[in-house]
Structure formats: structure tokens, C-alpha cells
file coords28.pdb (PDB, C-alpha atoms, pLDDT in the B column)
ATOM      1  CA  ASP A   1       0.000   0.000   0.000  1.00 47.00           C
ATOM      2  CA  THR A   2       1.171   3.519  -0.797  1.00 56.00           C
ATOM      3  CA  GLU A   3       2.244   5.785   2.070  1.00 90.00           C
ATOM      4  CA  VAL A   4       0.650   8.748   0.347  1.00 95.00           C
ATOM      5  CA  THR A   5      -3.131   8.516   0.499  1.00 96.00           C
ATOM      6  CA  GLN A   6      -5.326  10.312  -2.014  1.00 97.00           C
ATOM      7  CA  THR A   7      -9.082  10.696  -1.853  1.00 97.00           C
ATOM      8  CA  PRO A   8     -11.337  10.243  -3.636  1.00 97.00           C
ATOM      9  CA  LYS A   9     -10.030   7.625  -6.051  1.00 96.00           C
ATOM     10  CA  HIS A  10     -12.565   8.637  -8.687  1.00 97.00           C
ATOM     11  CA  LEU A  11     -14.470  11.889  -9.143  1.00 97.00           C
ATOM     12  CA  VAL A  12     -16.997  12.977 -11.733  1.00 96.00           C
ATOM     13  CA  MET A  13     -17.955  16.633 -11.637  1.00 95.00           C
ATOM     14  CA  GLY A  14     -19.861  19.117 -13.732  1.00 93.00           C
ATOM     15  CA  MET A  15     -18.299  22.275 -15.053  1.00 92.00           C
ATOM     16  CA  THR A  16     -20.128  24.401 -12.478  1.00 91.00           C
ATOM     17  CA  ASN A  17     -19.280  22.229  -9.487  1.00 91.00           C
ATOM     18  CA  LYS A  18     -16.796  22.910  -6.710  1.00 95.00           C
ATOM     19  CA  LYS A  19     -14.881  19.908  -5.425  1.00 96.00           C
ATOM     20  CA  SER A  20     -11.642  19.174  -3.589  1.00 97.00           C
ATOM     21  CA  LEU A  21      -8.971  16.515  -3.904  1.00 98.00           C
ATOM     22  CA  LYS A  22      -7.186  15.483  -0.750  1.00 98.00           C
ATOM     23  CA  CYS A  23      -3.741  14.071  -0.092  1.00 98.00           C
ATOM     24  CA  GLU A  24      -2.205  12.892   3.186  1.00 97.00           C
ATOM     25  CA  GLN A  25       1.242  11.584   4.103  1.00 96.00           C
ATOM     26  CA  HIS A  26       2.787  10.631   7.418  1.00 89.00           C
ATOM     27  CA  MET A  27       6.387  10.087   6.366  1.00 89.00           C
ATOM     28  CA  GLY A  28       7.610  13.389   7.734  1.00 89.00           C
ATOM     29  CA  HIS A  29       8.212  14.724   4.252  1.00 91.00           C
ATOM     30  CA  ARG A  30       8.212  18.515   4.070  1.00 91.00           C
ATOM     31  CA  ALA A  31       7.681  18.875   0.314  1.00 92.00           C
ATOM     32  CA  MET A  32       4.408  17.986  -1.369  1.00 94.00           C
ATOM     33  CA  TYR A  33       3.428  18.114  -5.006  1.00 95.00           C
ATOM     34  CA  TRP A  34       0.431  18.041  -7.312  1.00 97.00           C
ATOM     35  CA  TYR A  35       0.851  16.496 -10.754  1.00 97.00           C
ATOM     36  CA  LYS A  36      -1.604  16.150 -13.640  1.00 97.00           C
ATOM     37  CA  GLN A  37      -1.286  13.154 -15.928  1.00 96.00           C
ATOM     38  CA  LYS A  38      -3.103  12.614 -19.204  1.00 95.00           C
ATOM     39  CA  ALA A  39      -3.352   9.167 -20.763  1.00 91.00           C
ATOM     40  CA  LYS A  40      -0.073   7.786 -22.132  1.00 88.00           C
ATOM     41  CA  LYS A  41       1.806  10.914 -21.030  1.00 91.00           C
ATOM     42  CA  PRO A  42       4.237  11.509 -18.154  1.00 92.00           C
ATOM     43  CA  PRO A  43       3.035  13.430 -15.095  1.00 94.00           C
ATOM     44  CA  GLU A  44       3.155  17.227 -15.433  1.00 95.00           C
ATOM     45  CA  LEU A  45       4.050  19.287 -12.393  1.00 94.00           C
ATOM     46  CA  MET A  46       1.367  21.715 -11.210  1.00 97.00           C
ATOM     47  CA  PHE A  47       2.322  22.910  -7.728  1.00 96.00           C
ATOM     48  CA  VAL A  48       5.050  22.401  -5.135  1.00 94.00           C
ATOM     49  CA  TYR A  49       4.766  23.146  -1.434  1.00 95.00           C
ATOM     50  CA  SER A  50       7.920  23.267   0.648  1.00 92.00           C
ATOM     51  CA  TYR A  51       7.559  23.580   4.415  1.00 93.00           C
ATOM     52  CA  GLU A  52       3.857  24.353   3.912  1.00 95.00           C
ATOM     53  CA  LYS A  53       4.574  27.306   1.629  1.00 95.00           C
ATOM     54  CA  LEU A  54       3.805  27.386  -2.075  1.00 96.00           C
ATOM     55  CA  SER A  55       7.169  27.401  -3.818  1.00 92.00           C
ATOM     56  CA  ILE A  56       6.280  26.525  -7.409  1.00 91.00           C
ATOM     57  CA  ASN A  57       3.168  27.224  -9.478  1.00 92.00           C
ATOM     58  CA  GLU A  58       3.698  26.029 -13.029  1.00 92.00           C
ATOM     59  CA  SER A  59       1.361  28.649 -14.509  1.00 91.00           C
ATOM     60  CA  VAL A  60      -1.670  26.615 -13.564  1.00 95.00           C
ATOM     61  CA  PRO A  61      -5.098  28.197 -14.305  1.00 95.00           C
ATOM     62  CA  SER A  62      -6.794  29.759 -11.291  1.00 95.00           C
ATOM     63  CA  ARG A  63      -9.623  27.232 -11.445  1.00 96.00           C
ATOM     64  CA  PHE A  64      -7.135  24.985  -9.632  1.00 97.00           C
ATOM     65  CA  SER A  65      -6.380  26.241  -6.116  1.00 97.00           C
ATOM     66  CA  PRO A  66      -3.920  24.378  -3.885  1.00 98.00           C
ATOM     67  CA  GLU A  67      -3.878  24.481  -0.118  1.00 97.00           C
ATOM     68  CA  CYS A  68      -1.470  23.017   2.430  1.00 97.00           C
ATOM     69  CA  PRO A  69      -3.141  23.176   5.870  1.00 95.00           C
ATOM     70  CA  ASN A  70      -0.229  21.431   7.609  1.00 94.00           C
ATOM     71  CA  SER A  71       2.840  19.357   6.882  1.00 91.00           C
ATOM     72  CA  SER A  72       0.814  16.176   6.346  1.00 95.00           C
ATOM     73  CA  LEU A  73      -2.053  17.441   4.218  1.00 97.00           C
ATOM     74  CA  LEU A  74      -2.375  18.837   0.735  1.00 98.00           C
ATOM     75  CA  ASN A  75      -5.618  19.810  -0.942  1.00 98.00           C
ATOM     76  CA  LEU A  76      -6.480  20.813  -4.485  1.00 98.00           C
ATOM     77  CA  HIS A  77      -9.677  22.849  -4.788  1.00 98.00           C
ATOM     78  CA  LEU A  78     -11.433  22.658  -8.132  1.00 97.00           C
ATOM     79  CA  HIS A  79     -13.934  25.148  -9.511  1.00 95.00           C
ATOM     80  CA  ALA A  80     -15.386  25.752 -12.967  1.00 94.00           C
ATOM     81  CA  LEU A  81     -13.274  23.091 -14.619  1.00 95.00           C
ATOM     82  CA  GLN A  82     -13.320  22.265 -18.308  1.00 95.00           C
ATOM     83  CA  PRO A  83     -13.655  18.819 -19.906  1.00 96.00           C
ATOM     84  CA  GLU A  84      -9.989  18.990 -20.943  1.00 96.00           C
ATOM     85  CA  ASP A  85      -9.087  19.046 -17.244  1.00 97.00           C
ATOM     86  CA  SER A  86     -10.128  15.412 -17.050  1.00 97.00           C
ATOM     87  CA  ALA A  87      -7.008  13.475 -16.048  1.00 97.00           C
ATOM     88  CA  LEU A  88      -5.306  11.482 -13.315  1.00 97.00           C
ATOM     89  CA  TYR A  89      -4.233  13.853 -10.535  1.00 98.00           C
ATOM     90  CA  LEU A  90      -1.267  12.622  -8.559  1.00 97.00           C
ATOM     91  CA  CYS A  91      -0.006  13.804  -5.211  1.00 97.00           C
ATOM     92  CA  ALA A  92       3.600  13.154  -4.205  1.00 95.00           C
ATOM     93  CA  SER A  93       5.831  13.936  -1.270  1.00 93.00           C
ATOM     94  CA  SER A  94       9.562  14.053  -0.636  1.00 89.00           C
ATOM     95  CA  GLN A  95      12.187  15.611   1.508  1.00 83.00           C
ATOM     96  CA  PRO A  96      12.975  19.067   0.105  1.00 72.00           C
ATOM     97  CA  GLY A  97      16.491  20.073  -0.820  1.00 63.00           C
ATOM     98  CA  LYS A  98      19.200  18.564  -2.926  1.00 50.00           C
ATOM     99  CA  THR A  99      19.957  15.373  -1.090  1.00 48.00           C
ATOM    100  CA  GLY A 100      20.822  12.682  -3.575  1.00 49.00           C
ATOM    101  CA  LYS A 101      18.775  10.080  -1.770  1.00 56.00           C
ATOM    102  CA  SER A 102      15.526  11.989  -2.015  1.00 60.00           C
ATOM    103  CA  GLY A 103      12.809  10.685  -4.255  1.00 75.00           C
ATOM    104  CA  TYR A 104       9.135  11.102  -4.628  1.00 86.00           C
ATOM    105  CA  THR A 105       6.551   8.881  -3.046  1.00 91.00           C
ATOM    106  CA  PHE A 106       3.415   9.065  -5.142  1.00 94.00           C
ATOM    107  CA  GLY A 107      -0.153   8.469  -4.151  1.00 95.00           C
ATOM    108  CA  SER A 108      -2.441   6.249  -6.206  1.00 94.00           C
ATOM    109  CA  GLY A 109      -4.083   9.245  -7.799  1.00 96.00           C
ATOM    110  CA  THR A 110      -7.578  10.622  -8.284  1.00 97.00           C
ATOM    111  CA  ARG A 111      -9.179   9.899 -11.640  1.00 97.00           C
ATOM    112  CA  LEU A 112     -11.104  13.108 -12.446  1.00 97.00           C
ATOM    113  CA  THR A 113     -13.736  13.318 -15.145  1.00 97.00           C
ATOM    114  CA  VAL A 114     -15.299  16.686 -15.961  1.00 96.00           C
ATOM    115  CA  VAL A 115     -18.639  16.477 -17.742  1.00 94.00           C
TER
ATOM    116  CA  LYS B   1      17.063  22.557 -21.997  1.00 76.00           C
ATOM    117  CA  ASN B   2      16.827  19.574 -19.662  1.00 78.00           C
ATOM    118  CA  GLN B   3      15.555  16.518 -21.494  1.00 91.00           C
ATOM    119  CA  VAL B   4      14.994  12.847 -20.719  1.00 95.00           C
ATOM    120  CA  GLU B   5      14.485  10.468 -23.616  1.00 96.00           C
ATOM    121  CA  GLN B   6      13.358   6.885 -23.179  1.00 97.00           C
ATOM    122  CA  SER B   7      13.447   4.021 -25.618  1.00 97.00           C
ATOM    123  CA  PRO B   8      11.769   2.031 -26.860  1.00 97.00           C
ATOM    124  CA  GLN B   9       8.383   3.753 -26.640  1.00 96.00           C
ATOM    125  CA  SER B  10       6.735   0.352 -26.276  1.00 97.00           C
ATOM    126  CA  LEU B  11       7.873  -3.222 -25.966  1.00 97.00           C
ATOM    127  CA  ILE B  12       6.173  -6.609 -26.058  1.00 98.00           C
ATOM    128  CA  ILE B  13       7.917  -9.669 -24.637  1.00 98.00           C
ATOM    129  CA  LEU B  14       6.982 -13.184 -23.644  1.00 98.00           C
ATOM    130  CA  GLU B  15       6.680 -14.168 -20.024  1.00 98.00           C
ATOM    131  CA  GLY B  16       9.973 -15.383 -18.594  1.00 98.00           C
ATOM    132  CA  LYS B  17      12.124 -13.374 -21.008  1.00 98.00           C
ATOM    133  CA  ASN B  18      14.492 -10.570 -20.042  1.00 98.00           C
ATOM    134  CA  CYS B  19      14.364  -7.025 -21.367  1.00 98.00           C
ATOM    135  CA  THR B  20      16.260  -3.751 -21.099  1.00 98.00           C
ATOM    136  CA  LEU B  21      14.809  -0.248 -21.182  1.00 98.00           C
ATOM    137  CA  GLN B  22      16.925   2.801 -21.972  1.00 98.00           C
ATOM    138  CA  CYS B  23      17.015   6.353 -20.637  1.00 98.00           C
ATOM    139  CA  ASN B  24      19.250   9.118 -22.021  1.00 97.00           C
ATOM    140  CA  TYR B  25      19.317  12.535 -20.421  1.00 96.00           C
ATOM    141  CA  THR B  26      20.780  15.981 -20.836  1.00 93.00           C
ATOM    142  CA  VAL B  27      19.860  17.200 -17.353  1.00 85.00           C
ATOM    143  CA  SER B  28      22.551  19.249 -15.617  1.00 83.00           C
ATOM    144  CA  PRO B  29      23.788  19.503 -12.931  1.00 85.00           C
ATOM    145  CA  PHE B  30      22.826  15.928 -12.183  1.00 86.00           C
ATOM    146  CA  SER B  31      21.424  15.087  -8.759  1.00 86.00           C
ATOM    147  CA  ASN B  32      19.783  11.682  -9.044  1.00 90.00           C
ATOM    148  CA  LEU B  33      18.024   9.359 -11.469  1.00 94.00           C
ATOM    149  CA  ARG B  34      14.965   7.350 -10.574  1.00 95.00           C
ATOM    150  CA  TRP B  35      13.059   4.592 -12.288  1.00 97.00           C
ATOM    151  CA  TYR B  36       9.342   4.238 -11.573  1.00 96.00           C
ATOM    152  CA  LYS B  37       6.819   1.585 -12.513  1.00 97.00           C
ATOM    153  CA  GLN B  38       3.297   2.816 -13.190  1.00 96.00           C
ATOM    154  CA  ASP B  39       0.347   0.509 -13.610  1.00 95.00           C
ATOM    155  CA  THR B  40      -2.536   1.890 -15.671  1.00 91.00           C
ATOM    156  CA  GLY B  41      -4.608   4.348 -13.651  1.00 88.00           C
ATOM    157  CA  ARG B  42      -2.313   4.136 -10.619  1.00 92.00           C
ATOM    158  CA  GLY B  43       0.449   6.311  -9.225  1.00 93.00           C
ATOM    159  CA  PRO B  44       4.094   5.620 -10.065  1.00 95.00           C
ATOM    160  CA  VAL B  45       5.983   3.358  -7.675  1.00 94.00           C
ATOM    161  CA  SER B  46       9.697   3.848  -7.134  1.00 92.00           C
ATOM    162  CA  LEU B  47      11.958   1.013  -8.289  1.00 95.00           C
ATOM    163  CA  THR B  48      15.456   2.479  -7.903  1.00 94.00           C
ATOM    164  CA  ILE B  49      17.184   5.748  -7.060  1.00 92.00           C
ATOM    165  CA  MET B  50      20.791   6.357  -8.124  1.00 92.00           C
ATOM    166  CA  THR B  51      23.142   9.220  -7.445  1.00 89.00           C
ATOM    167  CA  PHE B  52      26.194  10.297  -9.427  1.00 84.00           C
ATOM    168  CA  SER B  53      28.544   7.852  -7.732  1.00 87.00           C
ATOM    169  CA  GLU B  54      26.362   4.772  -8.155  1.00 90.00           C
ATOM    170  CA  ASN B  55      26.736   2.580 -11.233  1.00 92.00           C
ATOM    171  CA  THR B  56      24.150  -0.054 -10.488  1.00 96.00           C
ATOM    172  CA  LYS B  57      21.218  -0.601  -8.169  1.00 95.00           C
ATOM    173  CA  SER B  58      19.032  -3.673  -7.863  1.00 96.00           C
ATOM    174  CA  ASN B  59      15.521  -4.198  -6.566  1.00 94.00           C
ATOM    175  CA  GLY B  60      14.541  -7.835  -6.921  1.00 96.00           C
ATOM    176  CA  ARG B  61      14.301  -8.676 -10.618  1.00 97.00           C
ATOM    177  CA  TYR B  62      14.913  -5.022 -11.549  1.00 97.00           C
ATOM    178  CA  THR B  63      18.492  -3.792 -12.051  1.00 98.00           C
ATOM    179  CA  ALA B  64      19.258  -0.214 -13.020  1.00 97.00           C
ATOM    180  CA  THR B  65      22.603   0.978 -14.323  1.00 97.00           C
ATOM    181  CA  LEU B  66      23.928   4.499 -14.651  1.00 96.00           C
ATOM    182  CA  ASP B  67      26.752   5.880 -16.761  1.00 94.00           C
ATOM    183  CA  ALA B  68      27.118   9.493 -15.669  1.00 90.00           C
ATOM    184  CA  ASP B  69      29.791  10.149 -18.290  1.00 91.00           C
ATOM    185  CA  THR B  70      27.575   9.266 -21.230  1.00 94.00           C
ATOM    186  CA  LYS B  71      24.401  10.333 -19.375  1.00 94.00           C
ATOM    187  CA  GLN B  72      22.694   7.039 -19.962  1.00 96.00           C
ATOM    188  CA  SER B  73      20.755   4.682 -17.734  1.00 97.00           C
ATOM    189  CA  SER B  74      19.161   1.327 -18.334  1.00 98.00           C
ATOM    190  CA  LEU B  75      16.602  -0.751 -16.473  1.00 98.00           C
ATOM    191  CA  HIS B  76      16.992  -4.495 -16.895  1.00 98.00           C
ATOM    192  CA  ILE B  77      14.097  -6.772 -16.013  1.00 98.00           C
ATOM    193  CA  THR B  78      14.935 -10.415 -15.461  1.00 98.00           C
ATOM    194  CA  ALA B  79      12.552 -13.345 -15.886  1.00 98.00           C
ATOM    195  CA  SER B  80       9.586 -11.141 -16.716  1.00 97.00           C
ATOM    196  CA  GLN B  81       6.168 -11.802 -15.227  1.00 97.00           C
ATOM    197  CA  LEU B  82       2.714 -10.827 -16.423  1.00 97.00           C
ATOM    198  CA  SER B  83       2.548  -8.336 -13.557  1.00 97.00           C
ATOM    199  CA  ASP B  84       5.509  -6.472 -15.033  1.00 98.00           C
ATOM    200  CA  SER B  85       3.175  -5.099 -17.706  1.00 98.00           C
ATOM    201  CA  ALA B  86       3.195  -1.366 -16.994  1.00 97.00           C
ATOM    202  CA  SER B  87       4.771   1.936 -17.975  1.00 97.00           C
ATOM    203  CA  TYR B  88       8.325   2.501 -16.793  1.00 98.00           C
ATOM    204  CA  ILE B  89       9.291   6.119 -16.272  1.00 97.00           C
ATOM    205  CA  CYS B  90      12.795   7.549 -15.918  1.00 97.00           C
ATOM    206  CA  VAL B  91      13.045  10.751 -13.846  1.00 94.00           C
ATOM    207  CA  VAL B  92      16.212  12.821 -13.594  1.00 93.00           C
ATOM    208  CA  SER B  93      16.644  15.534 -10.980  1.00 88.00           C
ATOM    209  CA  ALA B  94      18.857  18.611 -11.003  1.00 83.00           C
ATOM    210  CA  SER B  95      18.886  21.505  -8.561  1.00 76.00           C
ATOM    211  CA  GLY B  96      15.665  20.383  -6.966  1.00 73.00           C
ATOM    212  CA  LYS B  97      13.708  20.118 -10.242  1.00 81.00           C
ATOM    213  CA  SER B  98      12.754  16.842 -11.858  1.00 88.00           C
ATOM    214  CA  THR B  99      12.400  16.044 -15.553  1.00 91.00           C
ATOM    215  CA  PHE B 100      10.242  13.079 -16.539  1.00 94.00           C
ATOM    216  CA  GLY B 101      10.765  10.879 -19.557  1.00 95.00           C
ATOM    217  CA  ASP B 102       7.750   9.888 -21.646  1.00 95.00           C
ATOM    218  CA  GLY B 103       8.031   6.322 -20.393  1.00 96.00           C
ATOM    219  CA  THR B 104       8.264   2.882 -21.976  1.00 97.00           C
ATOM    220  CA  THR B 105       5.115   0.784 -22.092  1.00 97.00           C
ATOM    221  CA  LEU B 106       5.977  -2.842 -21.438  1.00 98.00           C
ATOM    222  CA  THR B 107       3.549  -5.642 -22.243  1.00 98.00           C
ATOM    223  CA  VAL B 108       4.367  -9.149 -21.035  1.00 98.00           C
ATOM    224  CA  LYS B 109       2.409 -11.868 -22.803  1.00 97.00           C
ATOM    225  CA  PRO B 110       1.926 -15.475 -21.658  1.00 96.00           C
TER
END
call {"tool": "encode", "arguments": {"input": "coords28.pdb", "output": "C-alpha cells"}}
result
Amino acid sequence: DTEVTQTPKHLVMGMTNKKSLKCEQHMGHRAMYWYKQKAKKPPELMFVYSYEKLSINESVPSRFSPECPNSSLLNLHLHALQPEDSALYLCASSQPGKTGKSGYTFGSGTRLTVV
Amino acid sequence: KNQVEQSPQSLIILEGKNCTLQCNYTVSPFSNLRWYKQDTGRGPVSLTIMTFSENTKSNGRYTATLDADTKQSSLHITASQLSDSASYICVVSASGKSTFGDGTTLTVKP
């Protein structure tokens, strides 16, 4: 079982809905990430939080709003999404910094469908 | 521009056979290289992590090699099983940023 837990596993939402994706880790990692992955493509970085502060926003549209309430939790708030936003959304965590032994631990993802 | 190129794009092998996946990168300055296995619709799972000084790293039937001089890595799978069918992604990190390869889709047939 993964040590990064994402909920829900599947989500279908209309374009006018507001929903949230949740991610939780208890490995003591202080960096957390949101990735978007389309079919047969590698994950694309959306946001990075380091020590609970947003450090990277890869020019993501404002209809995606991240939140890091504490060092173990990461949320992604969704509002007014488009059908092309349908994808697998992955959360990951790691130790921040340049240590060579660091690596991501990914969650199992949330399969989002926008109708 | 940092790039990670994986080959082949897809591969079909028979159960029990060995295979080798390739990863070439231009990422600099190099920090570490990771291989992940991703089942369809699931999150990637780490197989190996290698730093500059490591030439080889094994995880069960998976063995990764790294040549930092030529900037090439390979992932060798021994005695393949049906459960090895997945995408294998090479990720190279530099200065805290990671570059993902497009992955190799492996299909193991009985």
C-alpha cells in the first residue's frame, strides 16, 4: 500500500461544481506536489509546497487552487473546470532540498472526469 | 534545456524473457536518477534511485545501471512476469527540479 493517500479515487464533476482533492502523508516529508497526468503521457508538475509554503506554481489556471493546511495534508480545490481538465491527478511527497537520496513517493491518484 | 528520452516507446515480450529499457538525459547539474513503474490508472511506484557515484542498483528482478559520463541509464528486467506489464518512467533531478521521460510501455504476454 502507498504511504501517500489520495481521496477520492474517482471523481466525476460538472463544469459548475466545486470539489476538492485530498492528499495525506505521514512520512515526515516537508515537500508535497500536485501532478496532472493525461493518458499515455508523463506526469506534469502543477504545484510544489515546501515547508507548507507554495514554492512553485507552473502557470496553472486559477480554477485549480492548492492548499497546504499542515505538513501532512495537501488539498487541491477545483472550480469551474473544463472537460480537458479530465485526467489522473497525482499527489507526491519528498524531503525538500538537494539530497541525492531523495525521491518522490506518489499516491495512487484521483481519476477526475469533468462532464 | 533539460531533457529525458526513453526508448523504446513500447515493448512486447513473452513471459519469462528478459528485457532492457533505456534512458538518455541531458539534465545538468545531475542530482539523481529514478526509475518508476506505473500501472494503468495508478500512481508511479519507485523502483530504484541512483546518485552520481552509483553505477548499479538492484531491486529484486529489476536492475538499473547508470553511466554518468555518457548520461545514460538502463533498467533491466529479469525473468519477466505478467505483472511487469506497466509503464516505466525515468526521472532525472537537477537543482531540486525533476524532468520526466515519456516512459516505456511494457507488455508481457503469456
call {"tool": "residues_around", "arguments": {"input": "coords28.pdb", "residues": "Thr105 of chain B", "least_positions_apart": "2", "cutoff": "7 Å", "atoms": "all atoms listed in the file", "output": "list of chain:residue names"}}
result
B:Gln9, B:Ser10, B:Leu11, B:Ala86, B:Ser87, B:Tyr88, B:Gly103, B:Thr107
call {"tool": "atom_distance", "arguments": {"input": "coords28.pdb", "atom1": "atom CA of Lys18 of chain A", "atom2": "atom CA of Arg63 of chain A"}}
result
9.6 Å
call {"tool": "interface_residues", "arguments": {"input": "coords28.pdb", "of": "chain B", "to": "chain A", "cutoff": "6 Å", "atoms": "only C-alpha atoms", "output": "PDB file with C-alpha atoms, in the frame of the given file"}}
result
ATOM      1  CA  SER B  31      21.424  15.087  -8.759  1.00 86.00           C
ATOM      2  CA  ASN B  32      19.783  11.682  -9.044  1.00 90.00           C
ATOM      3  CA  ARG B  42      -2.313   4.136 -10.619  1.00 92.00           C
ATOM      4  CA  GLY B  43       0.449   6.311  -9.225  1.00 93.00           C
ATOM      5  CA  THR B  51      23.142   9.220  -7.445  1.00 89.00           C
ATOM      6  CA  GLY B  96      15.665  20.383  -6.966  1.00 73.00           C
ATOM      7  CA  ASP B 102       7.750   9.888 -21.646  1.00 95.00           C
TER       8      ASP B 102
END
call {"tool": "axis_aligned_box", "arguments": {"input": "coords28.pdb", "around": "segment 30-34 of chain B", "padding_each_side": "3 Å", "output": "lines of an AutoDock Vina configuration file"}}
result
center_x = 18.9
center_y = 11.6
center_z = -10.5
size_x = 13.9
size_y = 14.6
size_z = 9.4
call {"tool": "residues_around", "arguments": {"input": "coords28.pdb", "residues": "Lys53 of chain A", "least_positions_apart": "2", "cutoff": "10 Å", "atoms": "all atoms listed in the file", "output": "JSON, numbers by chain"}}
result
{"A": [30, 31, 32, 48, 49, 50, 51, 55, 56, 67, 68, 69, 70, 71]}
call {"tool": "atom_distance", "arguments": {"input": "coords28.pdb", "atom1": "atom CA of Leu66 of chain B", "atom2": "atom CA of Met27 of chain A"}}
result
27.9 Å
call {"tool": "build_atoms", "arguments": {"input": "coords28.pdb", "residues": "segment 52-63 of chain B", "atoms": "N, CA, C and O atoms", "output": "short mmCIF file (atom, residue, chain, number, x, y, z; two decimals), in the frame of the given file"}}
result
data_model
loop_
_atom_site.label_atom_id
_atom_site.label_comp_id
_atom_site.auth_asym_id
_atom_site.auth_seq_id
_atom_site.Cartn_x
_atom_site.Cartn_y
_atom_site.Cartn_z
N PHE B 52 25.08 10.20 -8.49
CA PHE B 52 26.19 10.30 -9.43
C PHE B 52 27.21 9.18 -9.25
O PHE B 52 27.77 8.65 -10.20
N SER B 53 27.47 8.80 -8.02
CA SER B 53 28.54 7.85 -7.73
C SER B 53 28.12 6.39 -7.86
O SER B 53 28.94 5.49 -7.70
N GLU B 54 26.84 6.15 -8.10
CA GLU B 54 26.36 4.77 -8.15
C GLU B 54 26.23 4.29 -9.60
O GLU B 54 25.64 4.97 -10.44
N ASN B 55 26.77 3.12 -9.89
CA ASN B 55 26.74 2.58 -11.23
C ASN B 55 25.59 1.59 -11.44
O ASN B 55 25.12 1.42 -12.56
N THR B 56 25.20 0.95 -10.37
CA THR B 56 24.15 -0.05 -10.49
C THR B 56 23.37 -0.15 -9.19
O THR B 56 23.91 0.08 -8.11
N LYS B 57 22.10 -0.46 -9.33
CA LYS B 57 21.22 -0.60 -8.17
C LYS B 57 20.18 -1.65 -8.51
O LYS B 57 19.56 -1.59 -9.58
N SER B 58 19.99 -2.59 -7.61
CA SER B 58 19.03 -3.67 -7.86
C SER B 58 17.87 -3.62 -6.90
O SER B 58 18.01 -3.21 -5.74
N ASN B 59 16.73 -4.08 -7.38
CA ASN B 59 15.52 -4.20 -6.57
C ASN B 59 14.81 -5.44 -7.06
O ASN B 59 14.00 -5.39 -7.99
N GLY B 60 15.14 -6.58 -6.47
CA GLY B 60 14.54 -7.84 -6.92
C GLY B 60 14.98 -8.16 -8.33
O GLY B 60 16.16 -8.20 -8.64
N ARG B 61 13.99 -8.34 -9.23
CA ARG B 61 14.30 -8.68 -10.62
C ARG B 61 14.63 -7.44 -11.46
O ARG B 61 14.87 -7.55 -12.66
N TYR B 62 14.61 -6.27 -10.84
CA TYR B 62 14.91 -5.02 -11.55
C TYR B 62 16.34 -4.59 -11.21
O TYR B 62 16.71 -4.50 -10.04
N THR B 63 17.13 -4.31 -12.25
CA THR B 63 18.49 -3.79 -12.05
C THR B 63 18.67 -2.56 -12.93
O THR B 63 18.50 -2.63 -14.14
#
